[in-house]
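*Asks:* Just so it is clear, I am handing over structure-v4.cif, which has mmCIF, C-alpha atoms.
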data_upload
loop_
_atom_site.label_atom_id
_atom_site.label_comp_id
_atom_site.auth_asym_id
_atom_site.auth_seq_id
_atom_site.Cartn_x
_atom_site.Cartn_y
_atom_site.Cartn_z
CA MET A 3 64.59 24.78 -84.11
CA ALA A 4 65.76 22.49 -81.34
CA ALA A 5 63.33 24.25 -78.97
CA CYS A 6 60.41 23.58 -81.29
CA SER A 7 61.35 19.91 -81.48
CA SER A 8 61.44 19.64 -77.66
CA PHE A 9 58.07 21.33 -77.29
CA SER A 10 56.53 18.93 -79.82
CA ALA A 11 57.99 15.97 -77.92
CA LEU A 12 56.51 17.16 -74.62
CA ARG A 13 53.06 17.55 -76.20
CA THR A 14 53.33 14.04 -77.50
CA ILE A 15 54.24 12.61 -74.05
CA SER A 16 51.51 14.65 -72.35
CA SER A 17 48.85 13.41 -74.71
CA SER A 18 49.98 9.83 -74.24
CA VAL A 19 49.30 9.81 -70.46
CA LYS A 20 45.81 11.29 -70.59
CA LEU A 21 43.08 9.05 -69.14
CA SER A 22 40.43 7.95 -71.47
CA PRO A 23 36.85 9.05 -70.74
CA THR A 24 35.95 5.44 -69.93
CA THR A 25 38.75 5.09 -67.36
CA THR A 26 37.89 8.42 -65.70
CA ALA A 27 34.25 7.50 -65.37
CA ALA A 28 35.08 4.09 -63.88
CA THR A 29 37.41 5.67 -61.34
CA ALA A 30 34.81 8.24 -60.28
CA THR A 31 32.22 5.50 -59.90
CA ALA A 32 34.58 3.45 -57.69
CA VAL A 33 35.36 6.45 -55.47
CA ALA A 34 31.68 7.33 -55.11
CA ALA A 35 30.89 3.74 -54.16
CA ALA A 36 33.67 3.63 -51.57
CA THR A 37 32.50 6.84 -49.88
CA SER A 38 28.79 6.12 -50.05
CA PRO A 39 27.04 6.29 -46.62
CA ALA A 40 25.08 3.17 -47.55
CA LEU A 41 26.18 -0.03 -45.78
CA LYS A 42 28.40 -2.21 -47.98
CA LEU A 43 28.70 -5.94 -47.34
CA LEU A 44 31.60 -8.05 -48.44
CA PRO A 45 31.63 -11.83 -48.61
CA VAL A 46 33.68 -13.36 -45.81
CA LYS A 47 34.67 -16.95 -45.49
CA PHE A 48 34.82 -18.54 -42.00
CA THR A 49 36.59 -21.73 -41.12
CA ASN A 50 34.27 -22.26 -38.15
CA SER A 51 31.40 -24.49 -39.16
CA LEU A 52 29.08 -22.57 -36.89
CA PHE A 53 29.06 -19.74 -39.40
CA SER A 54 27.74 -19.89 -42.93
CA GLN A 55 30.36 -19.56 -45.64
CA ASN A 56 28.10 -16.99 -47.26
CA SER A 57 28.04 -14.82 -44.13
CA ARG A 58 28.65 -11.14 -44.67
CA LEU A 59 30.21 -8.58 -42.30
CA PRO A 60 29.59 -4.84 -42.29
CA THR A 61 32.48 -2.88 -43.68
CA THR A 62 31.87 0.41 -41.89
CA VAL A 63 32.63 1.34 -38.29
CA ALA A 64 29.10 2.68 -37.82
CA ALA A 65 27.62 -0.69 -38.77
CA ALA A 66 29.97 -2.49 -36.41
CA PHE A 67 28.82 -0.30 -33.50
CA ALA A 68 25.20 -0.76 -34.47
CA ALA A 69 25.66 -4.52 -34.27
CA THR A 70 26.88 -4.44 -30.67
CA ARG A 71 24.62 -4.78 -27.63
CA SER A 72 25.21 -3.37 -24.17
CA PHE A 73 24.14 -4.73 -20.80
CA THR A 74 24.57 -3.92 -17.11
CA CYS A 75 24.88 -6.11 -14.04
CA LYS A 76 23.33 -5.11 -10.72
CA SER A 77 24.90 -6.53 -7.60
CA GLN A 78 22.45 -8.49 -5.50
CA SER A 79 24.31 -7.41 -2.37
CA ASN A 80 23.84 -3.70 -3.02
CA PRO A 81 22.26 -2.15 0.10
CA THR A 82 20.38 0.31 -2.12
CA ASP A 83 18.47 -2.50 -3.79
CA SER A 84 14.84 -1.40 -3.89
CA SER A 85 13.79 -4.75 -2.44
CA ARG A 86 15.49 -3.96 0.90
CA PRO A 87 13.71 -1.71 3.39
CA THR A 88 15.60 1.56 3.78
CA LYS A 89 13.46 3.09 6.53
CA VAL A 90 15.45 3.95 9.65
CA GLN A 91 14.00 2.39 12.81
CA GLU A 92 15.09 3.41 16.28
CA LEU A 93 15.52 0.83 19.02
CA PHE A 94 16.38 1.87 22.58
CA VAL A 95 17.94 -0.49 25.13
CA TYR A 96 19.80 -0.34 28.42
CA GLU A 97 22.79 -2.53 29.20
CA ILE A 98 23.15 -3.00 32.95
CA ASN A 99 25.83 -4.89 34.86
CA GLU A 100 24.13 -6.22 38.01
CA ARG A 101 27.38 -7.79 39.28
CA ASP A 102 25.95 -11.30 39.12
CA ARG A 103 27.59 -12.67 35.96
CA GLY A 104 31.30 -12.41 36.77
CA SER A 105 31.60 -9.68 34.18
CA PRO A 106 33.81 -8.06 33.06
CA ALA A 107 36.94 -10.19 33.15
CA TYR A 108 40.24 -8.36 32.60
CA LEU A 109 42.98 -10.35 30.87
CA ARG A 110 46.32 -8.54 31.02
CA LEU A 111 47.99 -10.07 27.99
CA SER A 112 50.40 -7.13 27.93
CA GLN A 113 51.68 -8.25 31.35
CA LYS A 114 51.99 -4.59 32.35
CA SER A 115 50.79 -2.94 35.51
CA VAL A 116 48.79 -0.33 33.60
CA ASN A 117 46.15 -0.91 30.94
CA SER A 118 48.06 -1.44 27.68
CA LEU A 119 47.64 -2.39 24.05
CA GLY A 120 46.45 -5.97 23.65
CA ASP A 121 44.69 -6.38 26.99
CA LEU A 122 41.35 -8.18 26.57
CA VAL A 123 38.05 -7.64 28.39
CA PRO A 124 35.38 -10.33 27.78
CA PHE A 125 31.96 -9.32 29.13
CA SER A 126 28.28 -10.20 29.33
CA ASN A 127 25.58 -7.96 30.83
CA LYS A 128 21.79 -7.84 31.01
CA VAL A 129 19.73 -5.95 28.43
CA TYR A 130 16.46 -4.15 29.22
CA SER A 131 13.98 -2.25 27.05
CA GLY A 132 14.38 1.51 26.78
CA ASP A 133 11.45 2.08 29.14
CA LEU A 134 13.02 -0.39 31.63
CA GLN A 135 9.76 -2.38 31.76
CA LYS A 136 11.04 -5.60 30.15
CA ARG A 137 14.06 -7.86 30.27
CA LEU A 138 15.15 -8.44 26.68
CA GLY A 139 18.28 -10.54 26.93
CA VAL A 140 22.03 -10.12 27.30
CA THR A 141 25.12 -8.72 25.64
CA ALA A 142 28.12 -10.93 24.93
CA GLY A 143 31.45 -9.94 23.48
CA ILE A 144 34.98 -8.76 23.93
CA CYS A 145 36.88 -5.47 24.04
CA ILE A 146 40.48 -5.20 22.83
CA LEU A 147 42.42 -2.38 24.45
CA ILE A 148 43.91 -0.11 21.79
CA GLN A 149 45.10 2.90 23.78
CA ASN A 150 45.32 4.02 27.37
CA LEU A 151 44.30 7.67 27.76
CA PRO A 152 45.74 8.82 31.12
CA GLU A 153 44.89 12.49 30.49
CA LYS A 154 41.20 11.48 30.29
CA LYS A 155 41.46 8.71 32.87
CA ALA A 156 40.00 6.47 30.21
CA ASP A 157 40.75 3.72 27.71
CA ARG A 158 39.98 3.27 24.05
CA TYR A 159 38.85 -0.20 23.02
CA GLU A 160 37.87 -1.93 19.81
CA ALA A 161 34.59 -3.58 20.81
CA ILE A 162 33.05 -6.61 19.09
CA TYR A 163 29.83 -7.87 20.62
CA SER A 164 26.20 -8.87 20.18
CA PHE A 165 22.81 -8.10 21.70
CA TYR A 166 20.64 -11.20 22.14
CA PHE A 167 16.85 -10.84 22.09
CA GLY A 168 15.54 -14.35 22.74
CA ASP A 169 13.42 -15.78 19.91
CA TYR A 170 13.74 -12.53 17.98
CA GLY A 171 17.43 -13.15 17.22
CA HIS A 172 20.47 -10.96 17.74
CA ILE A 173 22.22 -7.80 16.51
CA ALA A 174 26.01 -7.70 16.04
CA VAL A 175 28.00 -4.48 16.44
CA GLN A 176 31.62 -3.40 16.18
CA GLY A 177 33.58 -0.21 16.65
CA ALA A 178 35.35 2.14 19.01
CA TYR A 179 34.42 2.21 22.69
CA VAL A 180 35.94 5.06 24.71
CA THR A 181 35.17 4.74 28.40
CA SER A 182 34.93 8.49 28.98
CA GLU A 183 32.59 9.57 26.17
CA ASP A 184 29.75 8.66 23.83
CA THR A 185 30.69 6.74 20.69
CA TYR A 186 29.06 5.26 17.57
CA LEU A 187 29.50 1.66 16.49
CA ALA A 188 28.56 -0.03 13.22
CA VAL A 189 25.70 -2.52 13.09
CA THR A 190 27.32 -5.35 11.14
CA GLY A 191 24.45 -7.86 10.88
CA GLY A 192 22.03 -10.01 12.77
CA SER A 193 19.83 -13.09 12.86
CA GLY A 194 16.14 -13.87 13.18
CA ILE A 195 14.04 -10.77 12.57
CA PHE A 196 17.33 -8.83 12.37
CA ALA A 197 18.72 -10.83 9.41
CA GLY A 198 20.15 -8.40 6.85
CA VAL A 199 20.18 -5.46 9.26
CA TYR A 200 22.69 -2.62 8.89
CA GLY A 201 23.11 0.86 10.34
CA GLN A 202 24.74 2.24 13.47
CA VAL A 203 24.23 2.47 17.22
CA LYS A 204 25.03 5.31 19.61
CA LEU A 205 26.58 4.18 22.89
CA GLN A 206 26.06 6.53 25.84
CA GLN A 207 28.22 5.95 28.88
CA ILE A 208 26.23 6.47 32.10
CA VAL A 209 28.21 4.76 34.85
CA PHE A 210 31.33 2.91 33.67
CA PRO A 211 31.23 -0.06 33.42
CA PHE A 212 27.80 -0.72 34.93
CA LYS A 213 25.21 1.29 32.99
CA LEU A 214 25.06 2.11 29.28
CA PHE A 215 22.27 3.38 27.06
CA TYR A 216 22.02 2.54 23.35
CA THR A 217 20.11 4.10 20.48
CA PHE A 218 20.06 1.84 17.43
CA TYR A 219 19.42 3.28 13.96
CA LEU A 220 18.45 0.18 12.02
CA LYS A 221 17.91 -0.31 8.27
CA GLY A 222 17.23 -3.25 6.00
CA ILE A 223 14.62 -5.08 8.08
CA PRO A 224 10.81 -5.18 8.38
CA ASP A 225 9.04 -3.18 11.08
CA LEU A 226 10.12 -4.07 14.60
CA PRO A 227 7.67 -5.95 16.86
CA ALA A 228 5.62 -3.65 19.08
CA GLU A 229 7.07 -5.04 22.33
CA LEU A 230 10.58 -3.99 21.28
CA VAL A 231 9.47 -0.42 20.57
CA SER A 232 9.14 1.88 23.57
CA THR A 233 9.57 5.45 24.73
CA PRO A 234 12.86 5.42 26.62
CA VAL A 235 13.50 6.63 30.13
CA PRO A 236 16.06 9.46 29.87
CA PRO A 237 19.55 8.13 30.75
CA SER A 238 20.84 9.02 34.21
CA PRO A 239 23.01 7.35 36.87
CA THR A 240 19.91 6.56 38.95
CA VAL A 241 17.88 4.63 36.37
CA GLU A 242 16.88 1.10 37.33
CA PRO A 243 14.72 -1.61 35.73
CA THR A 244 11.33 -2.24 37.32
CA PRO A 245 11.36 -4.92 40.05
CA GLU A 246 9.21 -7.12 37.78
CA ALA A 247 11.72 -6.87 34.93
CA LYS A 248 14.62 -7.59 37.29
CA ALA A 249 12.82 -10.65 38.61
CA CYS A 250 11.92 -11.75 35.06
CA GLU A 251 8.28 -12.11 36.00
CA PRO A 252 5.68 -13.12 33.39
CA GLY A 253 4.78 -10.13 31.22
CA ALA A 254 8.05 -8.40 32.14
CA THR A 255 10.20 -10.28 29.62
CA ILE A 256 10.06 -11.06 25.93
CA THR A 257 9.37 -14.64 24.87
CA ASN A 258 12.29 -16.96 25.65
CA PHE A 259 14.53 -14.04 26.51
CA THR A 260 18.26 -14.79 26.42
CA ASN A 261 19.78 -15.14 29.85
#
Represent the structure contained in this file as structure tokens.

*Replies:*
Amino acid sequence: MAACSSFSALRTISSSVKLSPTTTAATATAVAAATSPALKLLPVKFTNSLFSQNSRLPTTVAAAFAATRSFTCKSQSNPTDSSRPTKVQELFVYEINERDRGSPAYLRLSQKSVNSLGDLVPFSNKVYSGDLQKRLGVTAGICILIQNLPEKKADRYEAIYSFYFGDYGHIAVQGAYVTSEDTYLAVTGGSGIFAGVYGQVKLQQIVFPFKLFYTFYLKGIPDLPAELVSTPVPPSPTVEPTPEAKACEPGATITNFTN
């Protein structure tokens, strides 16, 4: 009897917590609306007067991403900019010390009897075209001794210098200079027709420190003038400029060559 009474009480409680058909339908409708893929807008109130009080914001992540815009910035100094020439141009020149400029000067800042770190060597030599037919200008710069190499009977310098080509402008270079072997230096810039130039230059030691041959690999500039382009004389210890170029006679120099 007591069991029957308990069962009846449970049925009464169970029936009392059942949702009405109206409530169930409303709940289903709300859930469907919340999960609908359609974009839902909610009124948002801004305190900033720049925005309308009736402005609406998207309530889904997808809509927020759709509202964003992307952009990219391209550096104007990028060497790969399509506006800069990328063709490699070769320029051949000889640097010759004719022992008439007081060059090089050796400054022993290390105050040691042997070449040592910190010693400085300012220099300036004459520059001729690769075919040795024309005087082009001069070099001017300084070498900083980095390491003495007694086993090679040589020195390693950090070289910083420029090649001057009269009215055409100049090319600046920097890098390692080892007195017993060929080395490559970076072309760091220039002026005149060489403004914006970059690339590298191969330094070939012929007779230290009197004769050197250079092959420039230049980028970033328009085509070189015809009088700077020549078929070089193969480097050797016996090469010499023509007498006309040495004497700087008319037709054997470039215009207003640097002296």

*Asks:* Quick one: which residues end up in the PyMOL selection byres ((chain A and resi 186) around 9) for this structure, as JSON, numbers by chain?

*Replies:* {"A": [177, 178, 179, 184, 185, 187, 188, 202, 203, 204, 205, 206]}

*Asks:* Given the file shown, determine the residues that the PyMOL selection byres ((chain A and resi 141) around 8) selects; report them as a list in words.

*Replies:*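 Checked against the file, the PyMOL selection byres ((chain A and resi 141) around 8) matches Glu97, Phe125, Ser126, Asn127, Lys128, Val129, Gly139, Val140, Ala142, Gly143, Tyr163, Ser164, Phe165 and Tyr166 of chain A.
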
*Asks:* To one decimal in Å, tell me the separation between CA of Lys154 (chain A) and CA of Ser182 (chain A).

*Replies:*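 Calculated distance between CA of Lys154 (chain A) and CA of Ser182 (chain A) is 7.1 Å.
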
*Asks:* For CA of Thr244 (chain A) and CA of Gly104 (chain A), determine how far apart the two atoms are, in Å to one decimal place.

*Replies:* 22.4 Å

*Asks:* Identify all residues satisfying the PyMOL selection byres ((chain A and resi 259) around 7) in the given file; provide them as a ChimeraX atom specification.

*Replies:* /A:138-139,167-169,255-258,260-261

*Asks:* Go through A:Pro124, A:Ala254, A:Arg86, A:Ala161 and flag the residue nearest Arg103 (chain A), using all atoms listed in the file for the distances.

*Replies:*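 Ranked by minimum distance to Arg103 (chain A), first place goes to A:Pro124.
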
*Asks:* If you measure from CA of Ala247 (chain A) to CA of Leu230 (chain A), what distance in Å do you get, rounded to one decimal?

*Replies:* 14.0 Å

*Asks:* Between A:Pro237, A:Gly191, A:Pro211, A:Gly222, which has the minimum distance to Phe94 (chain A) (counting only C-alpha atoms)?

*Replies:*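 Once distances to Phe94 (chain A) are computed over only C-alpha atoms, the minimum belongs to A:Pro237.
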
*Asks:* Measuring atom to atom with all atoms listed in the file, identify which of A:Val95, A:Gln113, A:Lys221, A:Lys89 is nearest to Val189 (chain A).

*Replies:*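 Under the stated criterion, the closest residue is A:Lys221.
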
*Asks:* Enumerate, as number ranges by chain, the protein, DNA and RNA residues whose atoms approach (13.3, 2.4, 35.3) to within 12 Å, taking into account all atoms listed in the file and the coordinate frame of the file.

*Replies:* A: 95-96, 98, 130-137, 233-248

*Asks:* Return the single residue from A:Pro224, A:Gly120, A:Pro106, A:Gly253 that is closest to Tyr159 (chain A), with distances computed using all atoms listed in the file.

*Replies:*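 Smallest separation from Tyr159 (chain A) among the options: A:Gly120.
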
*Asks:* Compare A:Ile208, A:Leu122, A:Ser85, A:Phe218 by their minimum atom-to-atom distance to Thr190 (chain A), counting only C-alpha atoms, and give me the closest one.

*Replies:*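 The closest residue to Thr190 (chain A) is A:Phe218.
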